[in-house]
file entry_2.cif (mmCIF, C-alpha atoms and all ligand atoms)
data_entry
loop_
_atom_site.group_PDB
_atom_site.id
_atom_site.type_symbol
_atom_site.label_atom_id
_atom_site.label_comp_id
_atom_site.auth_asym_id
_atom_site.auth_seq_id
_atom_site.Cartn_x
_atom_site.Cartn_y
_atom_site.Cartn_z
ATOM 1 C CA MET Z 26 111.487 93.130 69.627
ATOM 2 C CA ILE Z 27 108.813 93.475 66.964
ATOM 3 C CA ASP Z 28 108.950 96.010 64.113
ATOM 4 C CA VAL Z 29 105.588 97.708 63.695
ATOM 5 C CA ILE Z 30 104.022 100.510 61.668
ATOM 6 C CA VAL Z 31 101.536 103.091 62.946
ATOM 7 C CA THR Z 32 98.657 102.315 60.607
ATOM 8 C CA ARG Z 33 96.110 104.598 62.250
ATOM 9 C CA LYS Z 34 96.333 107.589 64.551
ATOM 10 C CA THR Z 35 92.993 108.842 65.888
ATOM 11 C CA LEU Z 36 92.029 111.739 68.130
ATOM 12 C CA GLU Z 37 89.854 110.074 70.791
ATOM 13 C CA ALA Z 38 89.357 112.993 73.219
ATOM 14 C CA GLU Z 39 91.066 116.221 74.282
ATOM 15 C CA GLY Z 40 94.785 115.383 74.427
ATOM 16 C CA ILE Z 41 94.223 111.662 73.874
ATOM 17 C CA LEU Z 42 95.265 109.826 70.719
ATOM 18 C CA SER Z 43 94.888 106.170 69.917
ATOM 19 C CA PHE Z 44 97.435 104.362 67.777
ATOM 20 C CA GLU Z 45 96.860 101.214 65.782
ATOM 21 C CA LEU Z 46 100.072 99.223 65.339
ATOM 22 C CA THR Z 47 100.507 96.413 62.828
ATOM 23 C CA ARG Z 48 103.541 94.286 62.008
ATOM 24 C CA ALA Z 49 105.872 95.841 59.460
ATOM 25 C CA ASP Z 50 106.088 92.451 57.684
ATOM 26 C CA ASP Z 51 102.264 92.120 57.613
ATOM 27 C CA GLY Z 52 102.520 89.058 59.870
ATOM 28 C CA VAL Z 53 100.367 88.060 62.783
ATOM 29 C CA LEU Z 54 101.067 89.596 66.192
ATOM 30 C CA MET Z 55 101.629 87.678 69.424
ATOM 31 C CA PRO Z 56 98.376 86.784 71.203
ATOM 32 C CA PHE Z 57 97.730 88.759 74.382
ATOM 33 C CA SER Z 58 95.434 88.569 77.373
ATOM 34 C CA ALA Z 59 93.310 91.369 78.816
ATOM 35 C CA GLY Z 60 95.373 93.744 80.966
ATOM 36 C CA SER Z 61 98.573 93.273 78.930
ATOM 37 C CA HIS Z 62 100.931 96.084 78.000
ATOM 38 C CA ILE Z 63 103.743 96.541 75.530
ATOM 39 C CA ASP Z 64 106.993 98.474 75.755
ATOM 40 C CA VAL Z 65 107.187 101.037 72.963
ATOM 41 C CA HIS Z 66 110.715 102.039 71.930
ATOM 42 C CA LEU Z 67 110.452 105.640 70.830
ATOM 43 C CA PRO Z 68 112.669 107.257 68.187
ATOM 44 C CA SER Z 69 114.170 109.336 71.039
ATOM 45 C CA GLY Z 70 115.482 106.153 72.652
ATOM 46 C CA GLN Z 71 112.946 106.316 75.479
ATOM 47 C CA ILE Z 72 110.928 103.237 76.378
ATOM 48 C CA ARG Z 73 107.353 103.616 77.546
ATOM 49 C CA GLN Z 74 104.705 101.119 78.622
ATOM 50 C CA TYR Z 75 101.211 101.304 77.171
ATOM 51 C CA SER Z 76 98.289 98.987 77.851
ATOM 52 C CA LEU Z 77 96.656 97.272 74.915
ATOM 53 C CA CYS Z 78 93.053 98.371 74.583
ATOM 54 C CA ASN Z 79 91.743 96.450 71.585
ATOM 55 C CA HIS Z 80 89.837 93.178 71.797
ATOM 56 C CA PRO Z 81 92.246 90.508 73.059
ATOM 57 C CA SER Z 82 91.196 88.096 70.326
ATOM 58 C CA GLU Z 83 92.607 90.394 67.620
ATOM 59 C CA LEU Z 84 95.955 89.323 66.208
ATOM 60 C CA HIS Z 85 96.250 91.661 63.227
ATOM 61 C CA ARG Z 86 96.787 94.813 65.328
ATOM 62 C CA TYR Z 87 97.550 96.257 68.739
ATOM 63 C CA GLN Z 88 95.788 99.414 69.854
ATOM 64 C CA ILE Z 89 97.064 101.783 72.541
ATOM 65 C CA GLY Z 90 95.768 105.098 73.883
ATOM 66 C CA VAL Z 91 98.148 107.904 74.876
ATOM 67 C CA LEU Z 92 97.335 111.007 76.907
ATOM 68 C CA LEU Z 93 99.571 113.993 76.229
ATOM 69 C CA ASP Z 94 100.938 114.681 79.687
ATOM 70 C CA PRO Z 95 101.896 118.342 80.247
ATOM 71 C CA ALA Z 96 104.466 117.132 82.788
ATOM 72 C CA SER Z 97 105.741 114.584 80.274
ATOM 73 C CA ARG Z 98 109.392 113.574 80.454
ATOM 74 C CA GLY Z 99 109.150 113.330 76.685
ATOM 75 C CA GLY Z 100 107.387 109.983 76.204
ATOM 76 C CA SER Z 101 103.829 111.093 75.497
ATOM 77 C CA LYS Z 102 105.086 114.087 73.498
ATOM 78 C CA ALA Z 103 107.142 111.792 71.285
ATOM 79 C CA MET Z 104 104.169 109.452 70.867
ATOM 80 C CA HIS Z 105 101.873 112.297 69.844
ATOM 81 C CA ALA Z 106 104.464 113.447 67.270
ATOM 82 C CA LEU Z 107 104.262 110.109 65.433
ATOM 83 C CA VAL Z 108 102.395 110.040 62.137
ATOM 84 C CA GLU Z 109 100.620 107.291 60.253
ATOM 85 C CA GLY Z 110 103.360 105.301 58.554
ATOM 86 C CA SER Z 111 105.892 105.833 61.373
ATOM 87 C CA ARG Z 112 107.941 102.767 62.222
ATOM 88 C CA LEU Z 113 108.554 101.665 65.788
ATOM 89 C CA GLN Z 114 109.889 98.753 67.740
ATOM 90 C CA ILE Z 115 107.803 97.210 70.469
ATOM 91 C CA SER Z 116 108.180 94.353 72.916
ATOM 92 C CA GLU Z 117 105.965 91.305 73.072
ATOM 93 C CA PRO Z 118 102.924 91.870 75.300
ATOM 94 C CA ARG Z 119 103.382 91.206 79.014
ATOM 95 C CA ASN Z 120 100.649 90.992 81.585
ATOM 96 C CA LEU Z 121 101.104 92.313 85.124
ATOM 97 C CA PHE Z 122 97.398 93.100 85.519
ATOM 98 C CA ALA Z 123 95.635 89.905 84.535
ATOM 99 C CA LEU Z 124 92.041 88.945 85.209
ATOM 100 C CA ALA Z 125 91.756 86.366 87.982
ATOM 101 C CA HIS Z 126 90.709 82.928 86.825
ATOM 102 C CA GLY Z 127 87.219 81.821 87.682
ATOM 103 C CA GLY Z 128 86.184 85.079 89.331
ATOM 104 C CA ARG Z 129 82.528 85.217 90.427
ATOM 105 C CA ARG Z 130 81.992 88.925 89.676
ATOM 106 C CA SER Z 131 84.367 91.614 88.445
ATOM 107 C CA LEU Z 132 84.161 95.324 89.182
ATOM 108 C CA LEU Z 133 86.229 97.455 86.809
ATOM 109 C CA PHE Z 134 87.095 101.054 87.715
ATOM 110 C CA ALA Z 135 88.838 103.392 85.263
ATOM 111 C CA GLY Z 136 89.898 106.991 85.818
ATOM 112 C CA GLY Z 137 90.729 108.984 82.677
ATOM 113 C CA ILE Z 138 93.320 107.325 80.449
ATOM 114 C CA GLY Z 139 93.296 104.403 82.896
ATOM 115 C CA ILE Z 140 90.447 103.107 80.710
ATOM 116 C CA THR Z 141 92.900 101.423 78.325
ATOM 117 C CA PRO Z 142 93.571 98.099 80.114
ATOM 118 C CA ILE Z 143 90.079 98.178 81.648
ATOM 119 C CA LEU Z 144 88.486 98.396 78.195
ATOM 120 C CA CYS Z 145 90.339 95.288 77.110
ATOM 121 C CA MET Z 146 89.159 93.513 80.269
ATOM 122 C CA ALA Z 147 85.553 94.524 79.571
ATOM 123 C CA GLU Z 148 85.816 93.138 76.022
ATOM 124 C CA ARG Z 149 87.076 89.824 77.384
ATOM 125 C CA LEU Z 150 84.537 89.571 80.213
ATOM 126 C CA ALA Z 151 81.712 90.315 77.781
ATOM 127 C CA GLN Z 152 83.036 87.684 75.384
ATOM 128 C CA ILE Z 153 82.873 84.977 78.062
ATOM 129 C CA ASP Z 154 79.509 86.270 79.333
ATOM 130 C CA ALA Z 155 80.919 87.026 82.785
ATOM 131 C CA ASP Z 156 79.213 89.008 85.520
ATOM 132 C CA PHE Z 157 80.863 92.434 85.603
ATOM 133 C CA GLN Z 158 80.346 96.174 85.921
ATOM 134 C CA LEU Z 159 82.497 98.928 84.448
ATOM 135 C CA HIS Z 160 82.704 102.340 86.136
ATOM 136 C CA TYR Z 161 84.476 104.948 84.015
ATOM 137 C CA CYS Z 162 85.216 108.321 85.630
ATOM 138 C CA GLY Z 163 86.493 111.501 84.005
ATOM 139 C CA ARG Z 164 86.369 115.266 84.269
ATOM 140 C CA SER Z 165 84.017 115.791 81.346
ATOM 141 C CA ARG Z 166 82.678 113.961 78.310
ATOM 142 C CA SER Z 167 85.148 115.722 76.005
ATOM 143 C CA GLN Z 168 88.138 114.620 78.083
ATOM 144 C CA VAL Z 169 87.514 110.890 78.161
ATOM 145 C CA ALA Z 170 88.352 108.521 75.348
ATOM 146 C CA PHE Z 171 86.444 105.592 73.837
ATOM 147 C CA VAL Z 172 82.992 106.630 75.120
ATOM 148 C CA GLU Z 173 81.316 105.945 71.760
ATOM 149 C CA ARG Z 174 83.019 102.585 71.528
ATOM 150 C CA ILE Z 175 81.683 101.678 74.978
ATOM 151 C CA GLN Z 176 78.188 102.942 74.207
ATOM 152 C CA HIS Z 177 78.058 100.858 71.019
ATOM 153 C CA SER Z 178 79.690 97.775 72.514
ATOM 154 C CA ILE Z 179 78.038 94.526 73.488
ATOM 155 C CA PHE Z 180 78.790 95.420 77.129
ATOM 156 C CA SER Z 181 77.159 98.863 77.104
ATOM 157 C CA ASP Z 182 74.596 97.623 79.666
ATOM 158 C CA HIS Z 183 77.460 96.885 82.081
ATOM 159 C CA ALA Z 184 79.008 100.352 81.724
ATOM 160 C CA HIS Z 185 78.452 103.392 83.947
ATOM 161 C CA LEU Z 186 79.951 106.736 82.930
ATOM 162 C CA HIS Z 187 80.720 109.298 85.624
ATOM 163 C CA PHE Z 188 81.680 112.866 84.740
ATOM 164 C CA ASP Z 189 82.767 115.479 87.295
ATOM 165 C CA ASP Z 190 80.905 118.240 85.430
ATOM 166 C CA GLN Z 191 77.631 116.253 85.487
ATOM 167 C CA PRO Z 192 76.821 115.851 89.200
ATOM 168 C CA ASP Z 193 73.895 113.498 88.511
ATOM 169 C CA THR Z 194 76.350 110.958 87.027
ATOM 170 C CA GLN Z 195 78.811 110.940 89.927
ATOM 171 C CA LEU Z 196 80.128 107.646 91.185
ATOM 172 C CA ASN Z 197 78.731 106.394 94.464
ATOM 173 C CA ALA Z 198 81.724 104.226 95.314
ATOM 174 C CA ALA Z 199 80.328 102.925 98.617
ATOM 175 C CA GLN Z 200 77.202 101.709 96.817
ATOM 176 C CA ALA Z 201 79.147 100.201 93.912
ATOM 177 C CA LEU Z 202 81.418 98.347 96.335
ATOM 178 C CA ALA Z 203 78.758 97.078 98.716
ATOM 179 C CA SER Z 204 77.999 93.383 99.016
ATOM 180 C CA TYR Z 205 81.418 91.800 98.508
ATOM 181 C CA ALA Z 206 81.229 88.029 98.171
ATOM 182 C CA GLU Z 207 83.998 85.467 97.901
ATOM 183 C CA GLY Z 208 85.225 85.216 94.315
ATOM 184 C CA ASP Z 209 84.596 88.896 93.547
ATOM 185 C CA HIS Z 210 87.512 90.839 92.111
ATOM 186 C CA LEU Z 211 88.126 94.549 91.702
ATOM 187 C CA TYR Z 212 90.388 96.044 89.019
ATOM 188 C CA VAL Z 213 91.336 99.714 89.005
ATOM 189 C CA CYS Z 214 93.514 101.846 86.755
ATOM 190 C CA GLY Z 215 93.908 105.608 86.718
ATOM 191 C CA PRO Z 216 95.647 108.446 88.515
ATOM 192 C CA ALA Z 217 97.205 107.527 91.879
ATOM 193 C CA GLY Z 218 94.637 109.516 93.899
ATOM 194 C CA PHE Z 219 91.741 107.859 92.076
ATOM 195 C CA MET Z 220 93.131 104.389 92.641
ATOM 196 C CA GLU Z 221 93.800 105.071 96.311
ATOM 197 C CA PHE Z 222 90.235 106.327 96.749
ATOM 198 C CA ILE Z 223 88.681 103.253 95.128
ATOM 199 C CA LEU Z 224 90.952 100.849 96.998
ATOM 200 C CA SER Z 225 90.376 102.463 100.384
ATOM 201 C CA GLU Z 226 86.607 102.441 99.815
ATOM 202 C CA ALA Z 227 86.877 98.765 98.897
ATOM 203 C CA ARG Z 228 88.890 97.938 102.027
ATOM 204 C CA ASN Z 229 86.346 99.786 104.142
ATOM 205 C CA ALA Z 230 83.610 97.722 102.510
ATOM 206 C CA GLY Z 231 85.401 94.490 103.462
ATOM 207 C CA TRP Z 232 87.146 93.582 100.197
ATOM 208 C CA PRO Z 233 90.212 91.418 101.047
ATOM 209 C CA ALA Z 234 93.660 92.405 99.754
ATOM 210 C CA ASP Z 235 93.886 89.493 97.326
ATOM 211 C CA SER Z 236 90.712 90.605 95.542
ATOM 212 C CA LEU Z 237 92.123 94.051 94.747
ATOM 213 C CA HIS Z 238 94.122 94.581 91.546
ATOM 214 C CA ARG Z 239 95.606 97.842 90.310
ATOM 215 C CA GLU Z 240 97.626 98.995 87.319
ATOM 216 C CA TYR Z 241 99.976 101.959 87.315
ATOM 217 C CA PHE Z 242 100.122 103.860 84.056
ATOM 218 C CA ALA Z 243 102.218 106.652 85.570
ATOM 219 C CA VAL Z 244 103.876 107.352 88.865
ATOM 220 C CA GLN Z 245 104.511 110.521 90.745
ATOM 221 C CA PRO Z 246 108.025 111.892 90.179
ATOM 222 C CA LEU Z 247 110.511 110.448 92.623
ATOM 223 C CA THR Z 248 111.244 113.466 94.748
ATOM 224 C CA GLN Z 249 113.294 111.789 97.449
ATOM 225 C CA MET Z 250 115.929 110.264 95.234
ATOM 226 C CA ASN Z 251 118.848 112.070 96.843
ATOM 227 C CA GLU Z 252 118.879 110.526 100.260
ATOM 228 C CA GLY Z 253 122.299 109.312 101.309
ATOM 229 C CA SER Z 254 124.850 107.027 99.783
ATOM 230 C CA PHE Z 255 125.376 103.315 100.405
ATOM 231 C CA GLU Z 256 127.174 100.309 98.983
ATOM 232 C CA VAL Z 257 126.018 97.405 96.895
ATOM 233 C CA VAL Z 258 127.991 94.183 96.832
ATOM 234 C CA LEU Z 259 127.760 91.734 93.926
ATOM 235 C CA ALA Z 260 127.500 88.286 95.498
ATOM 236 C CA SER Z 261 129.067 86.442 92.555
ATOM 237 C CA SER Z 262 132.338 88.378 92.628
ATOM 238 C CA GLY Z 263 132.366 90.159 95.972
ATOM 239 C CA ARG Z 264 132.790 93.431 94.089
ATOM 240 C CA CYS Z 265 131.678 96.453 96.099
ATOM 241 C CA LEU Z 266 130.148 99.491 94.350
ATOM 242 C CA HIS Z 267 129.492 102.882 95.883
ATOM 243 C CA VAL Z 268 126.034 104.365 95.150
ATOM 244 C CA PRO Z 269 126.209 108.131 95.663
ATOM 245 C CA ALA Z 270 123.176 110.108 96.782
ATOM 246 C CA ASP Z 271 122.513 111.480 93.304
ATOM 247 C CA ARG Z 272 122.718 108.196 91.348
ATOM 248 C CA SER Z 273 120.387 105.231 91.136
ATOM 249 C CA VAL Z 274 121.599 101.703 91.833
ATOM 250 C CA ALA Z 275 120.745 100.834 88.229
ATOM 251 C CA GLU Z 276 122.947 103.627 86.890
ATOM 252 C CA VAL Z 277 125.876 102.482 89.016
ATOM 253 C CA LEU Z 278 125.418 98.838 88.013
ATOM 254 C CA LEU Z 279 125.201 99.649 84.299
ATOM 255 C CA GLU Z 280 128.256 101.915 84.459
ATOM 256 C CA SER Z 281 130.135 99.078 86.081
ATOM 257 C CA GLY Z 282 129.348 96.795 83.177
ATOM 258 C CA ILE Z 283 126.594 94.787 84.874
ATOM 259 C CA ASP Z 284 123.951 93.692 82.391
ATOM 260 C CA LEU Z 285 120.760 94.834 84.120
ATOM 261 C CA PRO Z 286 117.500 94.696 82.140
ATOM 262 C CA LEU Z 287 115.610 97.988 82.372
ATOM 263 C CA SER Z 288 112.352 99.229 80.932
ATOM 264 C CA CYS Z 289 110.161 101.812 82.713
ATOM 265 C CA GLU Z 290 112.915 103.082 85.072
ATOM 266 C CA GLN Z 291 110.121 104.255 87.384
ATOM 267 C CA GLY Z 292 109.435 101.199 89.512
ATOM 268 C CA ILE Z 293 106.296 100.214 87.617
ATOM 269 C CA CYS Z 294 107.125 97.274 85.393
ATOM 270 C CA GLY Z 295 109.327 94.971 87.495
ATOM 271 C CA THR Z 296 111.800 94.366 84.654
ATOM 272 C CA CYS Z 297 114.814 95.227 86.823
ATOM 273 C CA LEU Z 298 113.712 93.176 89.855
ATOM 274 C CA THR Z 299 116.862 91.891 91.572
ATOM 275 C CA ARG Z 300 117.294 89.459 94.464
ATOM 276 C CA VAL Z 301 118.649 90.895 97.701
ATOM 277 C CA LEU Z 302 120.705 88.497 99.835
ATOM 278 C CA GLU Z 303 121.603 90.848 102.711
ATOM 279 C CA GLY Z 304 120.624 94.329 103.834
ATOM 280 C CA GLU Z 305 117.358 96.237 103.926
ATOM 281 C CA PRO Z 306 116.141 97.897 100.731
ATOM 282 C CA ASP Z 307 114.278 101.210 100.801
ATOM 283 C CA HIS Z 308 111.477 100.277 98.406
ATOM 284 C CA ARG Z 309 110.281 103.051 96.101
ATOM 285 C CA ASP Z 310 108.546 100.910 93.493
ATOM 286 C CA MET Z 311 104.875 100.485 92.648
ATOM 287 C CA PHE Z 312 105.363 96.981 91.311
ATOM 288 C CA MET Z 313 105.570 94.738 94.357
ATOM 289 C CA THR Z 314 102.791 94.195 96.853
ATOM 290 C CA PRO Z 315 103.341 95.484 100.414
ATOM 291 C CA ALA Z 316 103.930 91.870 101.518
ATOM 292 C CA GLU Z 317 106.557 91.330 98.825
ATOM 293 C CA GLN Z 318 108.295 94.554 99.819
ATOM 294 C CA ALA Z 319 108.225 93.595 103.488
ATOM 295 C CA ALA Z 320 110.034 90.325 102.679
ATOM 296 C CA ASN Z 321 113.062 92.451 101.641
ATOM 297 C CA ASP Z 322 114.460 89.662 99.470
ATOM 298 C CA GLN Z 323 114.188 91.587 96.185
ATOM 299 C CA PHE Z 324 114.074 95.204 95.059
ATOM 300 C CA THR Z 325 113.934 97.417 91.984
ATOM 301 C CA PRO Z 326 117.344 99.056 91.463
ATOM 302 C CA CYS Z 327 115.950 101.562 88.948
ATOM 303 C CA CYS Z 328 114.314 103.580 91.742
ATOM 304 C CA SER Z 329 114.729 101.901 95.125
ATOM 305 C CA ARG Z 330 117.555 102.589 97.536
ATOM 306 C CA SER Z 331 118.878 101.133 100.789
ATOM 307 C CA LYS Z 332 118.037 101.668 104.452
ATOM 308 C CA SER Z 333 121.125 99.705 105.504
ATOM 309 C CA PRO Z 334 124.693 100.864 104.720
ATOM 310 C CA ARG Z 335 125.140 97.897 102.396
ATOM 311 C CA LEU Z 336 123.013 95.664 100.173
ATOM 312 C CA VAL Z 337 124.290 92.325 98.919
ATOM 313 C CA LEU Z 338 122.721 91.570 95.549
ATOM 314 C CA ASP Z 339 122.346 88.221 93.805
ATOM 315 C CA LEU Z 340 124.328 89.453 90.809
HETATM 316 FE FE1 LIG Z 401 110.676 99.008 85.551
HETATM 317 FE FE2 LIG Z 401 112.731 98.987 87.271
HETATM 318 S S1 LIG Z 401 112.802 99.125 85.142
HETATM 319 S S2 LIG Z 401 110.648 98.610 87.697
#

call {"tool": "encode", "arguments": {"input": "entry_2.cif", "output": "C-alpha cells"}}
result
Amino acid sequence: MIDVIVTRKTLEAEGILSFELTRADDGVLMPFSAGSHIDVHLPSGQIRQYSLCNHPSELHRYQIGVLLDPASRGGSKAMHALVEGSRLQISEPRNLFALAHGGRRSLLFAGGIGITPILCMAERLAQIDADFQLHYCGRSRSQVAFVERIQHSIFSDHAHLHFDDQPDTQLNAAQALASYAEGDHLYVCGPAGFMEFILSEARNAGWPADSLHREYFAVQPLTQMNEGSFEVVLASSGRCLHVPADRSVAEVLLESGIDLPLSCEQGICGTCLTRVLEGEPDHRDMFMTPAEQAANDQFTPCCSRSKSPRLVLDL
C-alpha cells in the first residue's frame, strides 16, 4: 500500500474528473507500464480500480480519470467527493492489459472513459516511434475527456476522434480494421457494448483471438447471482462449506476464516483467482479468456458460482 495525496483535481469533461496523485512522503512512485491500473482504497472502505493515464515514464505522479456513474455503487461518487489535499491509499500498479512485445502495428480503440489506459498506450507507442492508430469515440465533444491533450500531443497525427453528434466523424470500423497482418494487435477499452462491437468487427475482418486485447473498466451488474446453492470443499482440510443462493463463495470463505485476497469483487481484476481441483465452475468473471474458463481449473469466487453440486478448491 502506498500513501498518496490528491495534488490536483481537474474537470476534464461533463462528469469526468482527473486526479493527480503523488506520494505523501514526496518520494518516487513505482514505475508502471502502459495499460496498468491501481487499486484506490476509498475513505468509505471501498476499493476501486482505475487505469493510469499519464505518460508511463513519469515517476513523480500517477494520473487517473473518473467518470461519475449515475448507477454508481458509491465508488465514483466517493472519488468525485475528494478534494485537493485528500489522502488516500493505493496499491502498486498492476498490468492486466499490457502492450504486446514487438507488435508490428497497434490499433487502439477507446469508448468514453475507456480512453484512460488507451491514452497511456498511445504515449508509449509514440515514444518508441511505433506504427499505431488511435480511434476515440464518444457521444459529443463535451462528454469526452483529454481531447485537448490528444490534439496537442506528439501523436495527434495518429488520433481520430469520433463523436455521435457529428455524423461526418463517425467511425468506420470495417475500414479501420481492414488489412490485418501478422503482428498486428488491437486494444479496446470502453463500455461492454462498444467493446463487443469492435471485437466482433475485428473477428469478421479476420483478426485472430490472440491479437485482440480488451480492458474492463466496469461490468454490468450481476443479475443472476441467486441461482441455487452448492458446496465448496477445502482440499487442505477436507472442510465442507455450504454456499447459499444469496451469498457469494468469497463471502462464505471469508466468514469461515479463509484468507482470500479480494479487490474489485466484480470478476474484473483476477485478484481472487482460486484453483479448482474438482467440479465445474459457473464462470461469471470478465478476467479469464474463454479458453481459460473452459479449462475449469480455476475460478473467481467473488462472482462465479458452480454448475456441479460441489467444487473442491485448492485452499
Ligand atoms: Fe477481482 Fe475477484 S476480486 S476478480

call {"tool": "residues_near_ligand", "arguments": {"input": "entry_2.cif", "ligand": "ligand LIG 401 (chain Z)", "cutoff": "10 Å", "atoms": "all atoms listed in the file", "output": "ChimeraX atom specification"}}
result
/Z:72-74,275,285-299,309-313,324-329

call {"tool": "residues_near_point", "arguments": {"input": "entry_2.cif", "point": "(85.4, 98.9, 92.7)", "cutoff": "8 Å", "atoms": "all atoms listed in the file", "output": "list in words"}}
result
Leu132, Leu133, Phe134, His160, Ala198, Ala201, Leu202, Leu211, Tyr212, Val213, Ile223, Leu224 and Ala227 of chain Z

call {"tool": "resolve_selection", "arguments": {"input": "entry_2.cif", "expression": "the PyMOL selection byres (((chain Z and resi 322) around 12) and not hetatm)", "output": "JSON, numbers by chain"}}
result
{"Z": [298, 299, 300, 301, 302, 303, 304, 305, 306, 307, 308, 313, 316, 317, 318, 319, 320, 321, 323, 324, 325, 336, 337, 338, 339]}

call {"tool": "closest_residue", "arguments": {"input": "entry_2.cif", "among": "Z:Ala199, Z:Phe57, Z:Cys162, Z:Leu67", "to": "Z:Asp28", "atoms": "all atoms listed in the file"}}
result
Z:Leu67

call {"tool": "resolve_selection", "arguments": {"input": "entry_2.cif", "expression": "the PyMOL selection byres (((chain Z and resi 124) around 10) and not hetatm)", "output": "VMD selection string"}}
result
chain Z and resid 58 to 60 120 to 123 125 to 128 131 146 149 to 150 210 to 212 238

call {"tool": "axis_aligned_box", "arguments": {"input": "entry_2.cif", "around": "stretch 41-53 of chain Z", "padding_each_side": "6 Å", "output": "lines of an AutoDock Vina configuration file"}}
result
center_x = 100.2
center_y = 99.9
center_z = 65.7
size_x = 23.9
size_y = 35.6
size_z = 28.3

call {"tool": "residues_around", "arguments": {"input": "entry_2.cif", "residues": "stretch 174-186 of chain Z", "least_positions_apart": "4", "cutoff": "12 Å", "atoms": "only C-alpha atoms", "output": "ChimeraX atom specification"}}
result
/Z:37,78-80,130-137,140-141,143-166,169-170,190-198,201

call {"tool": "write_last_selection", "arguments": {"input": "entry_2.cif", "atoms": "C-alpha atoms", "output": "compact mmCIF listing (two decimals), in the frame of the given file"}}
result
# COMPACT_ATOMS: atom_id res chain seq x y z
CA GLU Z 37 89.85 110.07 70.79
CA CYS Z 78 93.05 98.37 74.58
CA ASN Z 79 91.74 96.45 71.58
CA HIS Z 80 89.84 93.18 71.80
CA ARG Z 130 81.99 88.92 89.68
CA SER Z 131 84.37 91.61 88.44
CA LEU Z 132 84.16 95.32 89.18
CA LEU Z 133 86.23 97.46 86.81
CA PHE Z 134 87.10 101.05 87.72
CA ALA Z 135 88.84 103.39 85.26
CA GLY Z 136 89.90 106.99 85.82
CA GLY Z 137 90.73 108.98 82.68
CA ILE Z 140 90.45 103.11 80.71
CA THR Z 141 92.90 101.42 78.32
CA ILE Z 143 90.08 98.18 81.65
CA LEU Z 144 88.49 98.40 78.19
CA CYS Z 145 90.34 95.29 77.11
CA MET Z 146 89.16 93.51 80.27
CA ALA Z 147 85.55 94.52 79.57
CA GLU Z 148 85.82 93.14 76.02
CA ARG Z 149 87.08 89.82 77.38
CA LEU Z 150 84.54 89.57 80.21
CA ALA Z 151 81.71 90.32 77.78
CA GLN Z 152 83.04 87.68 75.38
CA ILE Z 153 82.87 84.98 78.06
CA ASP Z 154 79.51 86.27 79.33
CA ALA Z 155 80.92 87.03 82.78
CA ASP Z 156 79.21 89.01 85.52
CA PHE Z 157 80.86 92.43 85.60
CA GLN Z 158 80.35 96.17 85.92
CA LEU Z 159 82.50 98.93 84.45
CA HIS Z 160 82.70 102.34 86.14
CA TYR Z 161 84.48 104.95 84.02
CA CYS Z 162 85.22 108.32 85.63
CA GLY Z 163 86.49 111.50 84.00
CA ARG Z 164 86.37 115.27 84.27
CA SER Z 165 84.02 115.79 81.35
CA ARG Z 166 82.68 113.96 78.31
CA VAL Z 169 87.51 110.89 78.16
CA ALA Z 170 88.35 108.52 75.35
CA ASP Z 190 80.90 118.24 85.43
CA GLN Z 191 77.63 116.25 85.49
CA PRO Z 192 76.82 115.85 89.20
CA ASP Z 193 73.90 113.50 88.51
CA THR Z 194 76.35 110.96 87.03
CA GLN Z 195 78.81 110.94 89.93
CA LEU Z 196 80.13 107.65 91.18
CA ASN Z 197 78.73 106.39 94.46
CA ALA Z 198 81.72 104.23 95.31
CA ALA Z 201 79.15 100.20 93.91

call {"tool": "closest_residue", "arguments": {"input": "entry_2.cif", "among": "Z:Arg330, Z:Ala203, Z:Trp232, Z:Ser97", "to": "Z:Val277", "atoms": "all atoms listed in the file"}}
result
Z:Arg330

call {"tool": "closest_residue", "arguments": {"input": "entry_2.cif", "among": "Z:Glu109, Z:Thr314, Z:Ala96, Z:Ser82", "to": "Z:Asp235", "atoms": "only C-alpha atoms"}}
result
Z:Thr314

call {"tool": "residues_near_point", "arguments": {"input": "entry_2.cif", "point": "(124.2, 103.3, 95.0)", "cutoff": "10 Å", "atoms": "all atoms listed in the file", "output": "PyMOL selection string"}}
result
chain Z and resi 253-257+266-278+326+329-331+335-336

call {"tool": "atom_distance", "arguments": {"input": "entry_2.cif", "atom1": "atom CA of Z:Ser69", "atom2": "atom CA of Z:Gly90"}}
result
19.1 Å

call {"tool": "atom_distance", "arguments": {"input": "entry_2.cif", "atom1": "atom CA of Z:Phe44", "atom2": "atom CA of Z:Gln71"}}
result
17.4 Å

call {"tool": "closest_residue", "arguments": {"input": "entry_2.cif", "among": "Z:Leu46, Z:Leu279, Z:Leu93, Z:Val53", "to": "Z:Arg112", "atoms": "all atoms listed in the file"}}
result
Z:Leu46

call {"tool": "residues_around", "arguments": {"input": "entry_2.cif", "residues": "Z:Gly52", "least_positions_apart": "6", "cutoff": "12 Å", "atoms": "all atoms listed in the file", "output": "list of chain:residue names"}}
result
Z:Ile27, Z:Asp28, Z:Val29, Z:Ile30, Z:Leu46, Z:Leu84, Z:His85, Z:Arg86

call {"tool": "write_last_selection", "arguments": {"input": "entry_2.cif", "atoms": "C-alpha atoms", "output": "PDB file, in the coordinates of the input"}}
result
ATOM      1  CA  ILE Z  27     108.813  93.475  66.964  1.00  0.00           C
ATOM      2  CA  ASP Z  28     108.950  96.010  64.113  1.00  0.00           C
ATOM      3  CA  VAL Z  29     105.588  97.708  63.695  1.00  0.00           C
ATOM      4  CA  ILE Z  30     104.022 100.510  61.668  1.00  0.00           C
ATOM      5  CA  LEU Z  46     100.072  99.223  65.339  1.00  0.00           C
ATOM      6  CA  LEU Z  84      95.955  89.323  66.208  1.00  0.00           C
ATOM      7  CA  HIS Z  85      96.250  91.661  63.227  1.00  0.00           C
ATOM      8  CA  ARG Z  86      96.787  94.813  65.328  1.00  0.00           C
TER       9      ARG Z  86
END

call {"tool": "atom_distance", "arguments": {"input": "entry_2.cif", "atom1": "atom CA of Z:Val65", "atom2": "atom CA of Z:Ile115"}}
result
4.6 Å

call {"tool": "closest_residue", "arguments": {"input": "entry_2.cif", "among": "Z:Thr32, Z:Ala106, Z:Ile138, Z:Glu226", "to": "Z:Phe171", "atoms": "only C-alpha atoms"}}
result
Z:Ile138

call {"tool": "residues_around", "arguments": {"input": "entry_2.cif", "residues": "Z:Thr35", "least_positions_apart": "4", "cutoff": "9 Å", "atoms": "all atoms listed in the file", "output": "count of residues only"}}
result
5
